[in-house]
Amino acid sequence: MQPTIAEARSILKNDWAVSHYYELAEDQTSIFWSHDYPFLTMFEQLDLANCLELACGHGRHTAQVIAPKRRFTLIDINQSNIDFCADRFAGLPNVSVMKNDGSTLPVQSDSFTSLFCYDAMVHFELQDIIVYMDEIFRVLMAGGKALLHFSNYQGAPGGLYHDNPHWRNFNSVNIFHHLAVRSGFRIVDTRRVHWGGVFELDAVMLLEKP
């Protein structure tokens with residue numbers, strides 16, 4: 001019997017709360033900041049004056065770009081990650097961290113110049129991405145951009161993410177494009193990405209709020 005959305009969300013949250021992934025992921029951070037991959041070229045189009053990192057984990061990506069004239073808000077569903085980031089960025093007045101519920105953003109509307117989510121949304125349930133897309137649109141200022149790394153894995157609909165290649169959840173570029181447009185975004189750029197030896201397993205999309 002296939003899991004309900006509530007069961008799938010519970011498994012997802014518990015898996016990552018006890019996972020050693022975050023320690024291992026630090027060694028793969030360079031994938032996102034190398035010119036050999038499409039992430040950096042797209043990231044450089046973000047205005048980091050007031051940026052939100054969604055599903056921040058241990059904050060390894062914000063750590064790559066933090067600077068005095070840039071402000072970052074880090075959000076994650078797991079309290080252990082929030083505690084880790086609070087320690088990692090302690091004493092930096094331009095970094096704040098907060099916990100969320102896994103599908104909404106507890107911040108003001110029209111308040112961020114940019115938002116990004118790396119190596120996390122690839123695992124999200126599609127129902128939560130639908131809610132997040134409206135939330136991301138809400139919190140961005142007009143002209144603000146969002147850079148989102150997501151799964152392009154279309155196998156095993158209805159299954160659990162941790163049974164799929166590299167724990168990717170069911171999604172696709174076409175589905176994500178549709179959701180983004182329905183939420184009001186303009187699609188700036190889309191790139192399909194090979195991951196872990198799997199052809200076009202992922203994608204990254206740059207969106208703009210008109």
# chains A, B, ... in the order shown; residues from 1 in each chain; ligands from 1

call {"tool": "residues_around", "arguments": {"residues": "Met133 (chain A)", "least_positions_apart": "2", "cutoff": "8 Å", "atoms": "only C-alpha atoms", "output": "ChimeraX atom specification"}}
result
/A:129-131,135-137,179-180,183

call {"tool": "closest_atom_pairs", "arguments": {"of": "region 88-186 of chain A", "to": "region 191-202 of chain A", "cutoff": "6 Å", "atoms": "only C-alpha atoms", "output": "JSON lines"}}
result
{"residue": "A:Phe150", "atom": "CA", "partner": "A:Asp202", "partner_atom": "CA", "distance": 5.8}
{"residue": "A:Ser151", "atom": "CA", "partner": "A:Asp202", "partner_atom": "CA", "distance": 4.5}
{"residue": "A:Asn152", "atom": "CA", "partner": "A:Asp202", "partner_atom": "CA", "distance": 4.7}
{"residue": "A:Tyr153", "atom": "CA", "partner": "A:Leu201", "partner_atom": "CA", "distance": 5.6}

call {"tool": "write_last_selection", "arguments": {"atoms": "all heavy atoms", "output": "CSV table (one decimal), in the first residue's frame"}}
result
chain,number,residue,atom,x,y,z
A,150,PHE,N,15.8,21.2,-8.2
A,150,PHE,CA,14.7,20.3,-8.0
A,150,PHE,C,14.9,19.0,-8.7
A,150,PHE,O,15.7,18.9,-9.6
A,150,PHE,CB,13.3,20.9,-8.3
A,150,PHE,CG,13.2,21.4,-9.7
A,150,PHE,CD1,12.6,20.6,-10.7
A,150,PHE,CD2,13.7,22.6,-10.2
A,150,PHE,CE1,12.5,21.0,-12.0
A,150,PHE,CE2,13.6,23.0,-11.5
A,150,PHE,CZ,12.9,22.2,-12.4
A,151,SER,N,14.1,18.0,-8.4
A,151,SER,CA,14.1,16.7,-9.0
A,151,SER,C,13.5,16.7,-10.4
A,151,SER,O,12.4,17.3,-10.6
A,151,SER,CB,13.5,15.7,-8.1
A,151,SER,OG,13.4,14.4,-8.8
A,152,ASN,N,14.1,16.0,-11.3
A,152,ASN,CA,13.5,15.8,-12.7
A,152,ASN,C,13.3,14.3,-12.8
A,152,ASN,O,13.2,13.7,-13.9
A,152,ASN,CB,14.5,16.3,-13.8
A,152,ASN,CG,13.9,16.2,-15.1
A,152,ASN,OD1,12.7,16.5,-15.3
A,152,ASN,ND2,14.7,15.8,-16.1
A,153,TYR,N,13.1,13.6,-11.7
A,153,TYR,CA,12.9,12.1,-11.7
A,153,TYR,C,11.4,11.8,-11.8
A,153,TYR,O,10.6,12.2,-11.0
A,153,TYR,CB,13.4,11.5,-10.4
A,153,TYR,CG,13.2,10.0,-10.3
A,153,TYR,CD1,14.0,9.2,-11.1
A,153,TYR,CD2,12.3,9.4,-9.5
A,153,TYR,CE1,13.8,7.8,-11.1
A,153,TYR,CE2,12.1,8.1,-9.4
A,153,TYR,CZ,12.9,7.2,-10.2
A,153,TYR,OH,12.7,5.9,-10.2

call {"tool": "residues_around", "arguments": {"residues": "Val95 (chain A)", "least_positions_apart": "2", "cutoff": "10 Å", "atoms": "only C-alpha atoms", "output": "PyMOL selection string"}}
result
chain A and resi 50-52+62+66-68+70-74+85-86+89-93+97

call {"tool": "atom_distance", "arguments": {"atom1": "CA of Asn169 (chain A)", "atom2": "CA of Pro106 (chain A)"}}
result
24.5 Å

call {"tool": "closest_atom_pairs", "arguments": {"of": "region 125-145 of chain A", "to": "region 155-163 of chain A", "cutoff": "12 Å", "atoms": "only C-alpha atoms", "output": "Markdown table"}}
result
| residue | atom | partner | partner_atom | distance |
| --- | --- | --- | --- | --- |
| A:Glu125 | CA | A:Tyr161 | CA | 8.3 |
| A:Leu126 | CA | A:Gly158 | CA | 10.4 |
| A:Gln127 | CA | A:Gly158 | CA | 11.8 |

call {"tool": "atom_distance", "arguments": {"atom1": "CA of Ala120 (chain A)", "atom2": "CA of Leu148 (chain A)"}}
result
9.2 Å
